[in-house]
Amino acid sequence: MINIEEFISGVVANAAKELYGIEDSSSLQIQKTRKEFEGDYTVVVFGLLRASRKSPEATATELGEKIVASTPEIKGFNVIKGFLNLSVDTSFWAARFGEIVASENYGMAPATGRTIMIEYSSPNTNKPLHLGHIRNNLLGYSVATILKANGHNVIKVNLVNDRGIHICKSMLAWQLYGNGETPETSGMKGDHLVGKYYVEFDKHYKEQIKELVANGMSEDDAKKQAPIMLQAQEMLRKWEAKDEAVYSLWEKMNGWVYDGFDVTYKALGVDFDKVYYESETYLLGKSLVEEGLQKGVFFRKEDNSVWIDLEKDGLDQKLLLRGDGTSVYMTQDLGTALRRFEDNNLDDMIYVVGNEQNYHFQVLKLVLKKLGYAWSDNIFHLSYGMVELPEGKMKSREGTVVDADDLIADMVGTAREMSDELGKLDGCSEQEAAAISEMVGLGALKYFILKVDPKKTMLFDPRESIDFNGNTGPFIQYTHARIRSILRKAEEAGITTGDYLDAPLLAEEVELIKTLTEYPASVRTAAQQFAPSVIAAYAYDLAKQFNGYYHDHSILKEQHSATRSMRLMLAEQVARVIRSAMSLLGIDVPERM
RNA sequence: GGCUCCUUAGUUCAAGGGAUAGAACGAAGGUUUCCUAAACCUUAAAUCCGAGUUCGAGUCUCGGAGGGGCUACCA
């Protein structure tokens, strides 16, 4: 299968070289011709004027004539100002169409041999997943899928934050106020149950602070002296000493949380090849601190704490090891990164983490670089924007956190209601109806999140439910379902499509084929930019374009056999590419809806 | 304060330095004797302000206004 962009730029580069002796093709600018003009590809000739020593119009005309004369695939051209619009012969597009039909994994790149690890999700075990995690999970999963489609080996990993003082807080509150409540006795999902006790801790903690302050203590002291906080700290010490009772409580409650997370992950359709637990990795990195001290990259302060000075790099001094010898987040991350690169022979490591940690990752990369690890350059922080509510950031204290499980259930419920209202599920078994509602509800949610550029902050308004019309997941799913319906009918009627290449193509059909040919480039761009939104935009364009075509041209009622075959084949390929593109977003498409 | 990111129709999002800034929702109007109307078609509606670079700026540079994030011996 030929790469069309390369073909066109090669043709233009040759002509420019012969006419003006231009060797460096970087001055050549080629883009798709805008819809309002005639042609398929446009050469912007302003960059060539220095070499041509002619007006933009004359240069474009000369170049156009040269290209048409030397390239049978280019059948004509027109010039508007400094823009040379080239028209490609229809037979060229027909040939590309044949290639798409014959291609088994259309859009997927051959294996590259690169191994890329991508870390995403990274939850705390004391809080259920919320909307922010949803963006993280969907992005991580989708980017992993897109990288695979580009031929890379991808290892999806999750790093669970399962230790620390915050975990002890929920354990302690459960011990004090839980009365032995379990997911079974309460009927609550395990992660929600544990989350409830985390909130419970905070409630009692605040009350105790208030009381202490009322008795004359300063607020800062009260925060440190509150009995419940002292107890939590005691619990953490016991945990680190592997106290049996604390440890088994910790294991029990984390078990509940993991069961709960599994349900949410399954509902979102995300998964991992490997799960890391901080309880197992938090001691890593200390050897790196030693190494850094020996190399003189780090320094020790009087209180025995270890730091790195990054002021020359425009950053601050950064703590790497506390005075008491315990590690901080950065220490662990350094150690974990090293181990991952060593154990897996990684080419690249991607961290899907919110942009509030930009600084952290800047430091992480810089420290590793200063330690002499060249692979520091292969660490990429996929920094995504927050999901904001109309009133701003989500705040658990103000009860504005949008819970992941609730949101998923809402979306699926809305999809079901809407389907019932429209009578879309008449004649379906309950099982089918439920499966379709889930696909559509989740499709709406996932597309809503993924269609936005990951880097950008996005807004979610819980009062307005996510749309099912317009530029949405269900719109694209619906286009697929309608095509599948046509294909089923064609099959029932015993229509064959062997003669599809014999039919002449309408302009709209050529346009659809052109859009189909752009799919591999979209898959490539999405990977380069780590942006599922590129795929989302492509899928929407394709669906939208097909809907317009389909509205104006009958497929099954077309009398001319070859034309009918061609249209069926075209519809089938559109459905196939829609399914493929949506799968890169982690969205399933239904056979009917 | 320092560092950093953002600002595009009423709203939510697009736009590799290129032509007349695209969609969707919402608004106004229209399409079903025809393969699924979760569809299709019309209309109105936007680059925060001011300079600069360029043949050409939403995009690059500088200044201003407004908003977010970071700036912990927390993770």
# chains A, B, ... in the order shown; residues from 1 in each chain; ligands from 1
>>> residues_around(residues="A27 of chain B", least_positions_apart="5", cutoff="12 Å", atoms="only C-alpha atoms (C1' of nucleotides)", output="list in words")
G10, U11, U43, A44 and A45 of chain B
>>> select_by_dssp(residues="segment 104-252 of chain A", states="strand (DSSP E)", output="ChimeraX atom specification")
/A:115-119,153-160
>>> interface_residues(of="chain B", to="chain A", cutoff="12 Å", atoms="only C-alpha atoms (C1' of nucleotides)", output="JSON, numbers by chain")
{"B": [2, 3, 4, 5, 6, 7, 11, 12, 13, 14, 15, 16, 17, 18, 19, 20, 22, 23, 24, 25, 31, 32, 34, 35, 36, 37, 38, 39, 40, 41, 54, 55, 56, 67, 68, 69, 70, 71, 72, 73, 74, 75]}
>>> closest_residue(among="A:Ile2, A:Val574, A:Ala503, A:Leu293", to="Thr90 of chain A", atoms="only C-alpha atoms")
A:Ala503
>>> residues_around(residues="segment 275-278 of chain A", least_positions_apart="6", cutoff="8 Å", atoms="only C-alpha atoms (C1' of nucleotides)", output="NGL selection string")
:A and (157-163)
>>> write_last_selection(atoms="C-alpha atoms", output="tab-separated table (two decimals), in the first residue's frame")
chain	number	residue	atom	x	y	z
A	157	VAL	CA	1.09	-0.59	34.34
A	158	ASN	CA	-0.73	0.74	37.36
A	159	LEU	CA	1.03	2.01	40.48
A	160	VAL	CA	-1.27	1.77	43.46
A	161	ASN	CA	-0.70	4.11	46.35
A	162	ASP	CA	-1.49	1.69	49.13
A	163	ARG	CA	0.58	2.96	52.04
>>> residues_around(residues="G64 of chain B", least_positions_apart="4", cutoff="12 Å", atoms="only C-alpha atoms (C1' of nucleotides)", output="VMD selection string")
chain B and resid 48 to 51
>>> write_last_selection(atoms="N, CA and C atoms (P, O5', C5', C4', C3', O3' and C1' of nucleotides)", output="PDB file, in the first residue's frame")
ATOM      1  P     C B  48      -8.938  35.709  21.610  1.00  0.00           P
ATOM      2  O5'   C B  48      -9.346  37.001  22.453  1.00  0.00           O
ATOM      3  C5'   C B  48     -10.705  37.228  22.827  1.00  0.00           C
ATOM      4  C4'   C B  48     -10.736  38.388  23.771  1.00  0.00           C
ATOM      5  C3'   C B  48      -9.862  39.561  23.350  1.00  0.00           C
ATOM      6  O3'   C B  48     -10.537  40.421  22.452  1.00  0.00           O
ATOM      7  C1'   C B  48      -9.411  39.010  25.599  1.00  0.00           C
ATOM      8  P     C B  49      -9.653  41.172  21.321  1.00  0.00           P
ATOM      9  O5'   C B  49      -8.957  42.320  22.171  1.00  0.00           O
ATOM     10  C5'   C B  49      -9.712  43.376  22.761  1.00  0.00           C
ATOM     11  C4'   C B  49      -8.781  44.328  23.460  1.00  0.00           C
ATOM     12  C3'   C B  49      -7.650  44.864  22.584  1.00  0.00           C
ATOM     13  O3'   C B  49      -8.059  45.969  21.808  1.00  0.00           O
ATOM     14  C1'   C B  49      -6.770  44.129  24.649  1.00  0.00           C
ATOM     15  P     G B  50      -7.309  46.197  20.375  1.00  0.00           P
ATOM     16  O5'   G B  50      -5.823  46.588  20.780  1.00  0.00           O
ATOM     17  C5'   G B  50      -5.577  47.777  21.525  1.00  0.00           C
ATOM     18  C4'   G B  50      -4.093  47.951  21.741  1.00  0.00           C
ATOM     19  C3'   G B  50      -3.218  47.690  20.532  1.00  0.00           C
ATOM     20  O3'   G B  50      -3.242  48.759  19.613  1.00  0.00           O
ATOM     21  C1'   G B  50      -2.236  46.718  22.441  1.00  0.00           C
ATOM     22  P     A B  51      -2.436  48.567  18.187  1.00  0.00           P
ATOM     23  O5'   A B  51      -0.935  48.816  18.647  1.00  0.00           O
ATOM     24  C5'   A B  51       0.088  48.583  17.724  1.00  0.00           C
ATOM     25  C4'   A B  51       1.401  48.391  18.454  1.00  0.00           C
ATOM     26  C3'   A B  51       2.428  47.640  17.623  1.00  0.00           C
ATOM     27  O3'   A B  51       3.109  48.502  16.737  1.00  0.00           O
ATOM     28  C1'   A B  51       2.262  46.623  19.734  1.00  0.00           C
TER      29        A B  51
END
>>> select_by_dssp(residues="segment 69-243 of chain A", states="helix (DSSP H, G or I)", output="CSV table (one decimal) with C-alpha atoms, in the first residue's frame")
chain,number,residue,atom,x,y,z
A,69,ALA,CA,3.3,16.5,-17.8
A,70,SER,CA,5.4,14.1,-15.7
A,90,THR,CA,-10.2,9.3,-10.1
A,91,SER,CA,-8.6,6.0,-11.0
A,92,PHE,CA,-5.9,6.7,-8.5
A,93,TRP,CA,-8.5,6.8,-5.7
A,94,ALA,CA,-10.2,3.7,-7.0
A,95,ALA,CA,-6.9,1.9,-6.8
A,96,ARG,CA,-6.5,3.1,-3.2
A,97,PHE,CA,-10.0,1.9,-2.4
A,98,GLY,CA,-9.1,-1.6,-3.7
A,99,GLU,CA,-6.0,-1.6,-1.4
A,100,ILE,CA,-8.1,-0.7,1.6
A,101,VAL,CA,-10.6,-3.5,0.9
A,102,ALA,CA,-7.7,-5.9,0.6
A,131,LEU,CA,-14.1,12.0,37.3
A,132,GLY,CA,-10.5,13.0,37.2
A,133,HIS,CA,-9.5,9.3,37.4
A,134,ILE,CA,-11.9,8.6,34.5
A,135,ARG,CA,-10.0,11.0,32.3
A,136,ASN,CA,-6.7,9.5,33.4
A,137,ASN,CA,-7.8,5.9,32.8
A,138,LEU,CA,-9.5,6.6,29.5
A,139,LEU,CA,-6.4,8.5,28.2
A,140,GLY,CA,-4.0,5.9,29.4
A,141,TYR,CA,-5.8,3.0,27.9
A,142,SER,CA,-6.5,4.8,24.6
A,143,VAL,CA,-2.9,6.0,24.2
A,144,ALA,CA,-1.7,2.5,25.0
A,145,THR,CA,-4.0,1.1,22.3
A,146,ILE,CA,-2.9,3.8,19.8
A,147,LEU,CA,0.8,3.1,20.4
A,148,LYS,CA,0.1,-0.6,19.8
A,149,ALA,CA,-1.6,0.3,16.6
A,165,ILE,CA,-0.5,8.1,56.7
A,166,HIS,CA,-3.6,8.7,54.7
A,167,ILE,CA,-4.2,4.9,54.4
A,168,CYS,CA,-3.9,4.6,58.2
A,169,LYS,CA,-6.5,7.3,58.6
A,170,SER,CA,-9.3,5.2,57.0
A,171,MET,CA,-8.1,2.1,58.8
A,172,LEU,CA,-8.2,3.8,62.1
A,173,ALA,CA,-11.6,5.4,61.6
A,174,TRP,CA,-12.9,2.0,60.6
A,175,GLN,CA,-11.5,0.4,63.8
A,176,LEU,CA,-12.9,3.2,66.0
A,177,TYR,CA,-16.3,3.7,64.4
A,183,PRO,CA,-18.8,-4.7,52.1
A,184,GLU,CA,-21.0,-7.7,52.6
A,185,THR,CA,-22.9,-6.4,55.7
A,186,SER,CA,-23.2,-2.9,54.4
A,190,GLY,CA,-15.4,-1.9,49.0
A,191,ASP,CA,-13.7,1.2,47.7
A,192,HIS,CA,-16.7,3.3,48.7
A,193,LEU,CA,-16.8,1.7,52.2
A,194,VAL,CA,-13.2,2.5,52.8
A,195,GLY,CA,-13.7,6.0,51.4
A,196,LYS,CA,-16.5,6.5,53.8
A,197,TYR,CA,-14.1,5.9,56.7
A,198,TYR,CA,-11.6,8.2,55.3
A,199,VAL,CA,-14.2,11.0,55.4
A,200,GLU,CA,-15.2,9.8,58.9
A,201,PHE,CA,-11.6,10.3,60.1
A,202,ASP,CA,-11.6,13.8,58.8
A,203,LYS,CA,-14.8,14.6,60.6
A,204,HIS,CA,-13.6,13.5,64.0
A,205,TYR,CA,-10.2,15.0,63.4
A,206,LYS,CA,-11.8,18.4,62.8
A,207,GLU,CA,-14.0,18.1,65.9
A,208,GLN,CA,-10.9,17.3,68.0
A,209,ILE,CA,-9.0,20.3,66.6
A,210,LYS,CA,-12.0,22.5,67.3
A,211,GLU,CA,-12.1,21.3,70.9
A,212,LEU,CA,-8.4,21.8,71.5
A,213,VAL,CA,-8.6,25.3,70.1
A,214,ALA,CA,-11.5,26.0,72.3
A,219,GLU,CA,-4.5,25.8,65.6
A,220,ASP,CA,-1.2,24.6,64.4
A,221,ASP,CA,-0.5,22.7,67.6
A,222,ALA,CA,-4.0,21.4,67.7
A,223,LYS,CA,-3.5,19.9,64.2
A,224,LYS,CA,-0.4,18.1,65.4
A,225,GLN,CA,-1.8,17.1,68.9
A,227,PRO,CA,-5.4,12.4,69.5
A,228,ILE,CA,-6.8,10.7,66.5
A,229,MET,CA,-3.9,12.0,64.4
A,230,LEU,CA,-1.4,10.8,66.9
A,231,GLN,CA,-3.1,7.4,66.8
A,232,ALA,CA,-2.9,7.4,63.0
A,233,GLN,CA,0.8,8.1,63.2
A,234,GLU,CA,1.3,5.4,65.7
A,235,MET,CA,-0.5,3.0,63.3
A,236,LEU,CA,1.8,4.0,60.5
A,237,ARG,CA,4.8,3.2,62.7
A,238,LYS,CA,3.3,-0.2,63.5
A,239,TRP,CA,2.6,-0.8,59.8
A,240,GLU,CA,6.2,-0.1,59.0
>>> atom_distance(atom1="atom CA of Lys252 of chain A", atom2="atom CA of Asn179 of chain A")
15.0 Å
